[in-house]
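work-v4.txt follows; it contains compact mmCIF, C-alpha atoms and all ligand atoms.
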```
# COMPACT_ATOMS: atom_id res chain seq x y z
CA MET A 84 0.00 0.00 0.00
CA ASP A 85 1.20 3.53 -0.75
CA ILE A 86 2.36 4.89 2.59
CA LEU A 87 0.35 8.06 1.90
CA GLU A 88 -2.83 6.12 1.10
CA PRO A 89 -4.50 6.85 4.51
CA GLY A 90 -4.19 10.53 3.64
CA TYR A 91 -5.54 10.14 0.10
CA SER A 92 -8.53 8.15 1.32
CA TYR A 93 -9.29 10.38 4.34
CA ARG A 94 -12.87 11.68 4.03
CA ASP A 95 -14.14 12.38 7.55
CA SER A 96 -13.62 16.14 7.59
CA ASP A 97 -15.26 16.55 4.15
CA LEU A 98 -18.26 14.50 5.30
CA ILE A 99 -18.66 16.59 8.43
CA LYS A 100 -18.35 19.82 6.43
CA ALA A 101 -20.90 18.65 3.86
CA ALA A 102 -23.31 17.83 6.67
CA GLY A 103 -23.00 21.43 7.91
CA MET A 104 -21.70 20.40 11.30
CA TYR A 105 -17.95 21.16 11.12
CA PRO A 106 -17.01 23.06 14.31
CA PHE A 107 -13.20 22.86 14.07
CA PHE A 108 -10.64 25.54 13.24
CA PRO A 109 -12.98 28.51 13.79
CA VAL A 110 -11.12 31.61 12.63
CA LEU A 111 -10.74 34.33 15.26
CA SER A 112 -9.91 37.77 13.92
CA SER A 113 -9.69 39.56 17.27
CA SER A 114 -10.05 38.90 20.98
CA GLU A 115 -10.89 40.99 24.00
CA GLY A 116 -10.79 37.94 26.27
CA PRO A 117 -14.41 37.11 27.15
CA VAL A 118 -15.58 38.21 23.70
CA VAL A 119 -13.92 37.29 20.39
CA THR A 120 -14.62 38.00 16.73
CA VAL A 121 -15.42 35.05 14.45
CA ASP A 122 -16.61 35.61 10.87
CA GLY A 123 -16.88 39.32 11.58
CA ARG A 124 -19.28 38.78 14.50
CA GLN A 125 -18.64 39.15 18.21
CA VAL A 126 -19.33 35.99 20.20
CA ILE A 127 -19.05 35.14 23.89
CA MET A 128 -15.93 33.04 24.42
CA LEU A 129 -16.59 30.01 26.62
CA GLY A 130 -14.11 27.78 24.81
CA SER A 131 -10.76 29.03 26.11
CA ASN A 132 -8.37 27.94 28.87
CA ASN A 133 -7.71 31.55 29.81
CA TYR A 134 -8.77 30.76 33.38
CA LEU A 135 -7.54 34.02 34.92
CA GLY A 136 -8.14 36.19 31.84
CA LEU A 137 -4.48 37.27 31.94
CA THR A 138 -3.92 37.28 28.15
CA HIS A 139 -5.14 40.87 28.19
CA HIS A 140 -3.71 42.05 31.52
CA PRO A 141 -1.74 45.31 31.01
CA GLU A 142 1.33 44.05 32.89
CA VAL A 143 1.45 40.83 30.87
CA LEU A 144 1.04 42.72 27.59
CA LYS A 145 3.76 45.21 28.53
CA ALA A 146 6.21 42.47 29.55
CA ALA A 147 5.73 40.75 26.18
CA HIS A 148 6.17 44.04 24.26
CA ASP A 149 9.30 44.94 26.23
CA ALA A 150 10.82 41.48 25.64
CA LEU A 151 10.25 41.82 21.90
CA ASP A 152 12.09 45.14 21.91
CA LYS A 153 14.95 43.79 24.02
CA TYR A 154 15.55 40.31 22.54
CA GLY A 155 13.76 40.24 19.17
CA THR A 156 11.21 37.70 18.07
CA SER A 157 12.99 34.37 18.50
CA CYS A 158 15.82 32.50 20.23
CA THR A 159 16.63 30.85 16.87
CA GLY A 160 18.19 27.89 18.64
CA SER A 161 18.19 25.45 21.51
CA ARG A 162 18.68 26.72 25.02
CA PHE A 163 21.35 24.04 25.40
CA LEU A 164 23.66 25.85 22.99
CA ASN A 165 22.66 29.32 21.89
CA GLY A 166 19.08 30.20 22.86
CA ASN A 167 19.21 30.47 26.64
CA LEU A 168 17.92 33.81 27.94
CA ASP A 169 18.15 35.36 31.40
CA LEU A 170 14.35 35.45 31.12
CA HIS A 171 14.19 31.63 30.95
CA GLU A 172 16.40 31.29 34.00
CA THR A 173 14.42 33.84 36.02
CA LEU A 174 11.21 32.10 35.04
CA GLU A 175 12.65 28.75 36.18
CA ARG A 176 13.75 30.19 39.53
CA GLU A 177 10.36 31.76 40.19
CA LEU A 178 8.51 28.60 39.11
CA ALA A 179 10.61 26.52 41.49
CA GLU A 180 9.77 28.91 44.31
CA PHE A 181 6.10 28.99 43.35
CA THR A 182 5.76 25.21 43.21
CA GLY A 183 7.88 24.64 46.32
CA LYS A 184 10.30 22.46 44.34
CA GLN A 185 14.10 22.78 44.17
CA ALA A 186 14.28 23.47 40.45
CA ALA A 187 12.26 23.79 37.26
CA LEU A 188 12.91 23.35 33.55
CA VAL A 189 11.10 25.46 30.94
CA PHE A 190 10.19 23.93 27.56
CA SER A 191 8.85 25.51 24.36
CA SER A 192 5.50 23.76 24.78
CA GLY A 193 3.75 21.71 27.39
CA PHE A 194 3.34 18.84 24.96
CA LEU A 195 7.11 18.73 24.41
CA ALA A 196 7.69 18.83 28.17
CA ASN A 197 5.44 15.84 28.87
CA VAL A 198 6.52 13.72 25.91
CA GLY A 199 10.22 14.37 26.44
CA THR A 200 10.26 14.02 30.22
CA LEU A 201 8.17 10.87 30.40
CA GLY A 202 10.05 9.39 27.45
CA GLN A 203 13.29 9.93 29.35
CA VAL A 204 12.40 8.96 32.93
CA GLY A 205 10.29 6.02 31.84
CA SER A 206 13.12 4.45 29.90
CA THR A 207 15.23 3.24 32.79
CA GLU A 208 15.69 -0.50 33.11
CA ASP A 209 12.64 -2.36 34.39
CA ALA A 210 10.46 0.80 34.56
CA VAL A 211 6.68 0.46 34.82
CA ILE A 212 4.23 3.27 34.08
CA PHE A 213 0.71 3.40 35.54
CA GLU A 214 -1.50 5.90 33.72
CA ALA A 215 -4.88 7.41 34.52
CA SER A 216 -7.36 6.66 31.77
CA GLU A 217 -8.43 10.32 31.34
CA ASN A 218 -4.81 11.54 30.95
CA HIS A 219 -3.88 14.07 28.30
CA ALA A 220 -2.61 12.87 24.91
CA SER A 221 0.90 14.20 25.63
CA LEU A 222 1.15 11.86 28.64
CA TYR A 223 -0.02 8.89 26.58
CA ASP A 224 2.53 9.71 23.89
CA GLY A 225 5.32 10.24 26.43
CA ALA A 226 4.57 6.87 28.02
CA ARG A 227 4.58 5.26 24.57
CA MET A 228 7.94 6.81 23.81
CA ALA A 229 9.34 5.57 27.12
CA ARG A 230 9.68 2.01 25.88
CA SER A 231 8.82 0.76 29.36
CA ARG A 232 6.04 -1.55 30.41
CA ARG A 233 2.69 0.22 30.67
CA VAL A 234 0.37 -1.30 33.21
CA ARG A 235 -3.33 -1.21 32.41
CA LEU A 236 -4.80 2.24 32.83
CA PHE A 237 -6.52 2.98 36.07
CA ASP A 238 -9.92 4.67 36.21
CA ASP A 239 -9.63 5.99 39.73
CA VAL A 240 -7.49 5.72 42.82
CA GLU A 241 -9.23 2.56 44.05
CA ASP A 242 -8.46 0.85 40.77
CA LEU A 243 -4.83 1.99 41.09
CA GLY A 244 -4.71 0.64 44.67
CA ARG A 245 -5.97 -2.76 43.47
CA GLN A 246 -3.30 -2.92 40.79
CA LEU A 247 -0.52 -1.89 43.16
CA ALA A 248 -1.62 -4.48 45.72
CA ARG A 249 -0.13 -7.21 43.51
CA ARG A 250 3.30 -6.33 44.89
CA THR A 251 4.49 -4.60 48.05
CA SER A 252 7.24 -2.50 46.52
CA TRP A 253 7.05 -0.51 43.29
CA THR A 254 10.24 1.57 43.42
CA ASN A 255 10.57 1.04 39.66
CA ALA A 256 7.10 2.46 38.97
CA LEU A 257 5.91 5.89 37.89
CA VAL A 258 2.26 6.79 38.42
CA VAL A 259 1.21 9.44 35.93
CA THR A 260 -1.96 11.47 36.27
CA ASP A 261 -3.52 14.80 35.38
CA GLY A 262 -4.24 16.90 38.48
CA VAL A 263 -7.45 18.16 36.86
CA PHE A 264 -8.76 16.10 33.95
CA SER A 265 -9.01 18.47 31.03
CA MET A 266 -12.31 17.36 29.51
CA THR A 267 -14.43 16.68 32.59
CA GLY A 268 -12.90 19.22 35.01
CA ARG A 269 -12.69 16.49 37.67
CA GLU A 270 -9.80 16.47 40.13
CA ALA A 271 -7.60 13.44 40.71
CA ASP A 272 -7.58 12.27 44.32
CA LEU A 273 -3.93 13.11 44.89
CA ARG A 274 -4.27 12.84 48.65
CA ARG A 275 -5.07 9.15 48.38
CA MET A 276 -2.48 8.61 45.67
CA VAL A 277 0.19 10.05 47.95
CA ALA A 278 -1.00 7.74 50.74
CA LEU A 279 -0.61 4.79 48.31
CA LYS A 280 2.81 6.11 47.36
CA LYS A 281 3.93 6.02 50.99
CA LYS A 282 2.82 2.40 51.15
CA HIS A 283 4.23 1.14 47.83
CA GLY A 284 7.17 3.47 47.11
CA PHE A 285 6.42 4.49 43.52
CA ARG A 286 7.18 7.90 42.00
CA LEU A 287 4.39 10.34 41.15
CA TYR A 288 4.17 12.57 38.04
CA VAL A 289 1.32 15.10 38.03
CA ASP A 290 0.28 17.06 34.95
CA ASP A 291 -1.36 20.12 36.47
CA ALA A 292 -2.07 22.05 33.28
CA HIS A 293 -5.59 22.85 34.48
CA GLY A 294 -4.88 23.04 38.22
CA ILE A 295 -2.05 25.58 38.34
CA GLY A 296 -3.55 29.06 38.29
CA VAL A 297 -6.93 27.65 39.33
CA LEU A 298 -6.73 25.57 42.51
CA GLY A 299 -4.88 26.02 45.79
CA PRO A 300 -3.50 29.13 47.48
CA GLN A 301 -2.46 31.69 44.81
CA GLY A 302 -3.15 29.05 42.16
CA ARG A 303 -0.42 26.66 43.34
CA GLY A 304 -2.33 23.72 41.93
CA THR A 305 -4.23 20.56 42.71
CA ALA A 306 -1.66 18.92 45.00
CA ALA A 307 -1.24 22.14 47.00
CA SER A 308 -5.02 22.46 47.33
CA GLN A 309 -5.20 18.88 48.65
CA GLY A 310 -2.27 19.49 51.04
CA VAL A 311 0.09 16.98 49.37
CA ALA A 312 2.40 19.12 47.24
CA ASP A 313 5.49 17.45 48.77
CA GLY A 314 4.27 14.01 47.66
CA VAL A 315 4.58 14.91 43.96
CA ASP A 316 8.00 14.02 42.53
CA LEU A 317 7.61 15.69 39.17
CA LEU A 318 5.10 18.49 38.69
CA PHE A 319 4.22 19.55 35.16
CA GLY A 320 2.59 22.85 34.26
CA THR A 321 1.83 24.71 31.06
CA PHE A 322 1.85 28.41 30.23
CA SER A 323 -0.92 27.97 27.66
CA LYS A 324 -3.80 28.19 30.13
CA SER A 325 -3.84 30.42 33.27
CA LEU A 326 -0.33 31.70 32.56
CA ALA A 327 -1.52 33.42 29.39
CA SER A 328 1.31 32.40 27.09
CA VAL A 329 2.73 29.28 25.46
CA GLY A 330 5.35 26.84 26.77
CA GLY A 331 5.51 24.44 29.70
CA PHE A 332 7.67 23.35 32.61
CA VAL A 333 8.57 20.44 34.84
CA ALA A 334 9.56 21.04 38.48
CA GLY A 335 11.20 18.65 40.95
CA GLU A 336 14.35 17.94 42.91
CA ARG A 337 17.52 19.60 41.64
CA PRO A 338 19.41 16.44 40.55
CA ILE A 339 16.42 15.21 38.54
CA ILE A 340 15.96 18.55 36.79
CA GLU A 341 19.70 18.72 36.08
CA TYR A 342 19.49 15.24 34.54
CA LEU A 343 16.50 16.25 32.40
CA ARG A 344 18.21 19.47 31.31
CA HIS A 345 21.04 17.44 29.78
CA ASN A 346 19.09 14.48 28.44
CA VAL A 347 15.55 15.26 27.33
CA ARG A 348 15.56 15.33 23.56
CA THR A 349 12.49 17.54 23.11
CA PHE A 350 14.30 20.14 25.21
CA ILE A 351 17.79 19.88 23.75
CA PHE A 352 16.85 19.52 20.10
CA SER A 353 14.20 22.24 19.93
CA ALA A 354 14.48 26.04 19.94
CA GLY A 355 14.04 27.87 23.24
CA LEU A 356 10.74 29.43 24.25
CA PRO A 357 10.46 32.79 22.40
CA PRO A 358 11.30 35.87 24.51
CA ALA A 359 7.82 37.44 24.43
CA SER A 360 6.26 34.14 25.52
CA ALA A 361 8.73 33.70 28.40
CA ALA A 362 8.18 37.31 29.53
CA ALA A 363 4.39 36.98 29.36
CA ALA A 364 4.43 33.78 31.43
CA LEU A 365 6.72 35.37 34.02
CA ALA A 366 4.53 38.47 34.30
CA ALA A 367 1.38 36.34 34.57
CA LEU A 368 2.99 34.25 37.31
CA ARG A 369 3.71 37.43 39.31
CA VAL A 370 0.26 38.95 38.75
CA MET A 371 -1.44 35.70 39.72
CA GLN A 372 0.34 35.51 43.07
CA ARG A 373 -0.67 39.08 43.89
CA GLU A 374 -4.27 39.36 42.73
CA GLN A 375 -6.56 37.23 44.87
CA GLY A 376 -9.55 39.05 43.35
CA LEU A 377 -9.03 37.14 40.09
CA PHE A 378 -9.61 33.83 41.88
CA ASP A 379 -12.64 35.18 43.74
CA ARG A 380 -14.29 36.24 40.48
CA LEU A 381 -13.28 33.03 38.72
CA TRP A 382 -14.94 30.82 41.36
CA GLU A 383 -18.04 33.03 41.61
CA ASN A 384 -18.47 32.78 37.84
CA ALA A 385 -17.81 29.03 37.83
CA SER A 386 -20.43 28.25 40.47
CA TYR A 387 -22.98 30.66 38.94
CA PHE A 388 -22.60 29.18 35.46
CA LYS A 389 -22.52 25.55 36.61
CA ALA A 390 -25.73 25.98 38.62
CA ALA A 391 -27.41 27.71 35.66
CA VAL A 392 -26.59 24.99 33.10
CA GLU A 393 -27.58 22.27 35.55
CA ARG A 394 -30.97 24.01 35.96
CA VAL A 395 -31.35 23.70 32.18
CA GLY A 396 -30.81 19.96 32.63
CA TYR A 397 -27.22 19.45 31.44
CA ARG A 398 -25.06 16.87 33.24
CA THR A 399 -21.76 18.46 34.30
CA MET A 400 -19.98 15.18 35.15
CA GLY A 401 -18.80 15.96 38.67
CA THR A 402 -16.61 18.92 37.76
CA THR A 403 -15.11 20.83 40.67
CA THR A 404 -13.27 23.42 38.58
CA PRO A 405 -14.03 26.23 36.09
CA ILE A 406 -14.05 23.61 33.31
CA ILE A 407 -17.76 22.93 32.95
CA PRO A 408 -18.51 20.05 30.58
CA LEU A 409 -22.01 19.57 29.20
CA PHE A 410 -22.56 15.88 28.50
CA ILE A 411 -24.14 15.37 25.06
CA GLY A 412 -23.53 11.72 24.04
CA SER A 413 -23.56 11.65 20.23
CA GLU A 414 -20.56 13.14 18.43
CA ALA A 415 -22.71 14.44 15.58
CA VAL A 416 -25.10 16.18 17.96
CA ALA A 417 -22.25 17.82 19.93
CA MET A 418 -20.62 19.10 16.74
CA ARG A 419 -23.89 20.33 15.33
CA MET A 420 -24.80 22.12 18.56
CA CYS A 421 -21.44 23.90 18.68
CA CYS A 422 -21.90 25.14 15.09
CA GLU A 423 -25.33 26.43 15.91
CA ALA A 424 -24.13 27.97 19.18
CA MET A 425 -21.55 29.96 17.20
CA ARG A 426 -24.27 31.31 14.90
CA MET A 427 -26.24 32.27 18.01
CA GLY A 428 -23.28 34.18 19.47
CA LEU A 429 -21.61 31.59 21.71
CA PHE A 430 -18.18 30.04 21.23
CA ALA A 431 -18.12 26.60 22.90
CA THR A 432 -16.01 23.63 21.86
CA PRO A 433 -17.02 20.03 21.18
CA ALA A 434 -14.97 17.27 22.82
CA VAL A 435 -15.24 14.13 20.71
CA TYR A 436 -13.36 10.84 20.40
CA PRO A 437 -10.40 10.37 21.00
CA ALA A 438 -10.46 13.22 23.58
CA VAL A 439 -13.38 11.39 25.28
CA PRO A 440 -14.69 7.80 24.95
CA LYS A 441 -16.69 6.97 21.82
CA GLY A 442 -20.31 8.06 22.11
CA HIS A 443 -19.53 10.20 25.19
CA ALA A 444 -19.14 13.53 23.41
CA LEU A 445 -19.25 16.75 25.42
CA ILE A 446 -19.52 20.43 24.90
CA ARG A 447 -16.63 21.77 26.95
CA THR A 448 -17.12 25.21 28.42
CA SER A 449 -14.95 27.21 30.78
CA VAL A 450 -15.39 30.57 32.45
CA THR A 451 -12.93 33.31 33.37
CA PRO A 452 -12.97 36.21 35.86
CA ALA A 453 -13.51 38.56 32.91
CA HIS A 454 -16.96 37.18 32.08
CA THR A 455 -19.78 39.41 33.28
CA ARG A 456 -23.16 38.14 34.43
CA GLU A 457 -24.50 39.40 31.10
CA HIS A 458 -22.08 37.17 29.18
CA LEU A 459 -22.92 34.14 31.31
CA ASP A 460 -26.69 34.70 31.14
CA GLY A 461 -26.41 35.14 27.36
CA ALA A 462 -24.51 31.85 27.12
CA VAL A 463 -27.05 29.98 29.27
CA ASP A 464 -29.86 31.34 27.12
CA VAL A 465 -28.23 29.89 23.97
CA LEU A 466 -27.54 26.56 25.69
CA ALA A 467 -31.13 26.31 26.93
CA LYS A 468 -32.48 26.84 23.39
CA LEU A 469 -30.10 24.18 22.06
CA ALA A 470 -31.05 21.70 24.80
CA ALA A 471 -34.71 22.11 23.85
CA LYS A 472 -33.95 21.41 20.20
CA TYR A 473 -31.34 18.63 20.19
CA PRO A 474 -31.37 15.06 21.54
CA VAL A 475 -28.98 15.67 24.45
CA TYR A 476 -28.49 12.64 26.73
CA MET A 477 -29.76 13.89 30.09
CA GLY A 478 -29.31 10.62 32.00
CA ASP A 479 -26.36 9.63 34.14
CA PRO A 480 -23.31 9.52 31.81
CA ALA A 481 -21.78 6.72 33.94
CA LYS A 482 -24.72 4.51 32.94
CA LEU A 483 -24.25 5.09 29.21
CA PRO A 484 -21.88 2.41 27.91
CA ALA A 485 -19.14 3.77 25.64
CA ALA A 486 -19.82 2.96 21.99
CA ARG A 487 -17.73 0.07 20.65
CA GLU A 488 -16.98 1.84 17.40
CA MET A 489 -17.11 5.42 16.24
CA ASP A 490 -17.88 5.74 12.57
CA ILE A 491 -18.43 9.39 11.84
CA GLU A 492 -20.18 8.60 8.55
CA LYS A 493 -22.78 6.48 10.38
CA GLU A 494 -23.14 9.15 13.06
CA ILE A 495 -23.87 11.79 10.44
CA ARG A 496 -26.35 9.56 8.58
CA ARG A 497 -28.17 8.85 11.82
CA TRP A 498 -28.35 12.58 12.45
CA LEU A 499 -29.59 13.38 8.94
CA GLU A 500 -32.27 10.71 9.18
CA SER A 501 -33.46 12.13 12.48
CA GLN A 502 -33.51 15.59 10.92
CA ALA A 503 -35.73 14.49 8.06
CA LEU A 504 -38.45 14.62 10.73
CA HIS A 505 -37.73 18.32 11.35
CA LYS A 506 -38.54 19.76 7.96
CA GLY A 507 -39.31 23.18 9.34
CA ASP A 508 -35.75 23.75 10.56
CA PRO A 509 -33.99 26.04 8.05
CA SER A 510 -30.58 25.29 9.56
CA ALA A 511 -30.96 21.53 9.18
CA PRO A 512 -28.18 20.02 7.06
CA GLN A 513 -29.14 19.37 3.46
CA SER A 514 -26.82 16.64 2.34
CA ALA A 515 -24.00 14.46 3.56
CA ALA A 516 -22.81 13.56 0.08
C1 LIG A 601 -3.69 18.24 30.63
C2 LIG A 601 -2.81 18.85 29.59
N1 LIG A 601 -1.51 18.52 29.57
C3 LIG A 601 -0.69 19.03 28.65
C4 LIG A 601 -1.12 19.91 27.68
C5 LIG A 601 -0.17 20.42 26.66
O1 LIG A 601 0.13 21.76 26.93
P1 LIG A 601 0.59 22.79 25.82
O2 LIG A 601 -0.64 23.49 25.31
O3 LIG A 601 1.47 23.72 26.59
O4 LIG A 601 1.32 22.08 24.76
C6 LIG A 601 -2.47 20.29 27.67
C7 LIG A 601 -2.97 21.22 26.65
O5 LIG A 601 -3.96 21.00 26.00
C8 LIG A 601 -3.34 19.73 28.65
O6 LIG A 601 -4.63 20.04 28.67
```

Can the structure from this file be put into structure tokens for me?
Amino acid sequence: MDILEPGYSYRDSDLIKAAGMYPFFPVLSSSEGPVVTVDGRQVIMLGSNNYLGLTHHPEVLKAAHDALDKYGTSCTGSRFLNGNLDLHETLERELAEFTGKQAALVFSSGFLANVGTLGQVGSTEDAVIFEASENHASLYDGARMARSRRVRLFDDVEDLGRQLARRTSWTNALVVTDGVFSMTGREADLRRMVALKKKHGFRLYVDDAHGIGVLGPQGRGTAASQGVADGVDLLFGTFSKSLASVGGFVAGERPIIEYLRHNVRTFIFSAGLPPASAAAALAALRVMQREQGLFDRLWENASYFKAAVERVGYRTMGTTTPIIPLFIGSEAVAMRMCCEAMRMGLFATPAVYPAVPKGHALIRTSVTPAHTREHLDGAVDVLAKLAAKYPVYMGDPAKLPAAREMDIEKEIRRWLESQALHKGDPSAPQSAA
């Protein structure tokens, strides 16, 4: 077979577009934070990870502008050899202090940090990696790269405990989990994981992309909020969410970070984080530690919005964070609803397989401190109209078995057939051909 054949025969995106339900790659032409412009129209943004709204904070903007003037646009090389800025080193020092770890290492993206670090630490002789089933793709890929044994994924901490009970000592094992699971907004039970760690002696890697800047005192993250920050051996964070930039970091004990600094290939063989991005992350880190009001508004908005969508009837899947998922079920329905939401003035993103199990599609929303009550009420109004119109699964998601297969063509046909019953709907898709 021609190695490029899968590309030549790929049809899914065309089918989804032809069915009028393609919600991906929306083009933003400007952003004020809680409101963005798409197709020349202003829409309420509930699809970002801008949890503290710092992308538009004056201090963060100024730091990025100043860094551009001082260092130019790019490092044009690896930090290892020629792209290491004083900004990177300051950022690493302040991240270490912030996380309560001895040292930190800054990467050009969070994905690179996870893949490279796990690939490296998981490749020692006889290593075993336990992974949480809801983990982010970069953790899965890092574990795959590690060439070590991967023990069946665990669904929760009890499941992990059962698997660990097969042996008394697991000093060769790394347990890898998100602090906050990115699709459902649920928190991992790190307190109990750390208790298991004391019993079995494994090492713990926490990806806190959605916990840092959200949970814990001054946004110190999920482990800090559960009182077990010291039990985490390697703490991962990204700058692409609360820290209003791009890039990522891993923090831990000094010898481990020193080892990573000289061995992780995605760090050594990739250009350093651009100056403006490093400066923006550093400024955001400082603002975040100072402005408690941001967290107060974030949590007020999160509980207001969650209660409002639950009153409409949506299932929010046990979220305890500003990520508020709306369980939908069918992929086609979730995609279609997001397209229609955009036309009605609301930007919300679909989460479909492989980000979630097959047939367990969500609409993922998240709020920021910058949203006003008017924005949130407007969003709820759109979501209530959509819930009245579309076949949203309103039962308990845990009782809905995941679909065995996910064939987008079949999903779309099913949707079109169901729409043939709604002839009066002018926005109903016309053809899947
Ligand atoms: C849980 C989690 N880990 C890692 C990443 C990767 O971070 P980055 O955007 O910095 O590459 C993301 C981003 O989507 C994430 O949600």

Exercise for the section: Give as a PyMOL selection string the residues surrounding ligand LIG 601 (chain A) up to a distance of 9 Å, considering only C-alpha atoms and all ligand atoms. Expected result: chain A and resi 132+190-197+218-222+260-266+290-293+319-324+328-332

Handout entry: Interatomic distance (Å, one decimal) between CA of Gly103 (chain A) and CA of Arg398 (chain A)
Key = 25.8 Å

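You can rank A:Gly130, A:Pro141, A:Pro440, A:Pro408 by their closest distance to Ser216 (chain A) using all atoms listed in the file, and at the top of that list sits A:Pro440.
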
Completion exercise
Counting only C-alpha atoms, the residue among A:Leu137, A:Leu343, A:Ala327, A:Leu243 that lies closest to Phe163 (chain A) is A:Leu343

Problem - Minimum-distance residue to Ile495 (chain A), chosen among A:Val121, A:Ala415, A:Leu111, A:Ala467 (using only C-alpha atoms) - result: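 Going through A:Val121, A:Ala415, A:Leu111, A:Ala467 one by one, the smallest distance to Ile495 (chain A) is for A:Ala415.
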
Fill in the blank from the handout: The residue from A:Arg447, A:Lys441, A:Arg337, A:Lys282 with the smallest atom-to-atom distance to Glu494 (chain A), counting all atoms listed in the file, is A:Lys441

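The coordinates place CA of Asp97 (chain A) at 27.8 Å from CA of Lys468 (chain A).
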
Exercise for the section: Kindly give the distance, in Å, that separates CA of Val258 (chain A) and CA of Asp209 (chain A), rounded to a single decimal. Expected result: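 Interatomic distance, CA of Val258 (chain A) to CA of Asp209 (chain A): 14.4 Å.
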
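Using only C-alpha atoms, the protein and nucleic acid residues lying no more than 12 Å from Ile339 (chain A), apart from those fewer than 2 places from it along its own chain, are Lys184, Gln185, Ala186, Ala187, Leu188, Thr200, Gln203, Val204, Asp316, Leu317, Leu318, Val333, Ala334, Gly335, Glu336, Arg337, Glu341, Tyr342, Leu343, Arg344, His345, Asn346 and Val347 of chain A.
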
Handout entry: Nearest candidate to Ala385 (chain A) (options A:Leu135, A:Leu98, A:Ala312, A:Ala306; using all atoms listed in the file)
Key =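 Ranking A:Leu135, A:Leu98, A:Ala312, A:Ala306 by distance to Ala385 (chain A), first place goes to A:Leu135.
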
Handout entry: Point (-18.6, 13.3, 9.5) neighbourhood (7 Å, only C-alpha atoms) written as a PyMOL selection string
Key = chain A and resi 95-96+98-99+491-492+495

Keeping only C-alpha atoms, write the selected residues to a file as an mmCIF file, in the coordinates of the input.
```cif
data_model
loop_
_atom_site.group_PDB
_atom_site.id
_atom_site.type_symbol
_atom_site.label_atom_id
_atom_site.label_comp_id
_atom_site.auth_asym_id
_atom_site.auth_seq_id
_atom_site.Cartn_x
_atom_site.Cartn_y
_atom_site.Cartn_z
ATOM 1 C CA ASP A 95 -14.140 12.380 7.550
ATOM 2 C CA SER A 96 -13.620 16.140 7.590
ATOM 3 C CA LEU A 98 -18.260 14.500 5.300
ATOM 4 C CA ILE A 99 -18.660 16.590 8.430
ATOM 5 C CA ILE A 491 -18.430 9.390 11.840
ATOM 6 C CA GLU A 492 -20.180 8.600 8.550
ATOM 7 C CA ILE A 495 -23.870 11.790 10.440
#
```

Practice task
Could you check which of A:Ala101, A:Ala229, A:Val240, A:Ala367 is closest to Lys145 (chain A), using all atoms listed in the file?
Solution key: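 Among the listed residues, A:Ala367 lies closest to Lys145 (chain A).
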
Exercise for the section: Name the residues in contact with region 125-127 of chain A at a cut-off of 7 Å, using only C-alpha atoms, excluding same-chain residues fewer than 2 positions from it; report them as an MDAnalysis selection string. Expected result: chainID A and resid 117:121 123 129 428:430 458

Write out the residues from the selection above, keeping C-alpha atoms, as a compact mmCIF listing (two decimals), keeping the file's coordinate frame.
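Result file follows (selection_25.txt):
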```txt
# COMPACT_ATOMS: atom_id res chain seq x y z
CA PRO A 117 -14.41 37.11 27.15
CA VAL A 118 -15.58 38.21 23.70
CA VAL A 119 -13.92 37.29 20.39
CA THR A 120 -14.62 38.00 16.73
CA VAL A 121 -15.42 35.05 14.45
CA GLY A 123 -16.88 39.32 11.58
CA LEU A 129 -16.59 30.01 26.62
CA GLY A 428 -23.28 34.18 19.47
CA LEU A 429 -21.61 31.59 21.71
CA PHE A 430 -18.18 30.04 21.23
CA HIS A 458 -22.08 37.17 29.18
```

Exercise for the section: Might you pull out every residue within 9 Å of region 471-482 of chain A, with all atoms listed in the file counted and same-chain residues fewer than 2 positions away left off, and present them as an MDAnalysis selection string? Expected result: chainID A and resid 396:398 400 410:413 416:417 420 443 466:469 484

Problem - Contacts of Ala248 (chain A) within 12 Å, all atoms listed in the file, excl. fewer than 2 positions in-chain, as a VMD selection string - result: chain A and resid 241 to 246 250 to 253 279 to 280 282 to 284
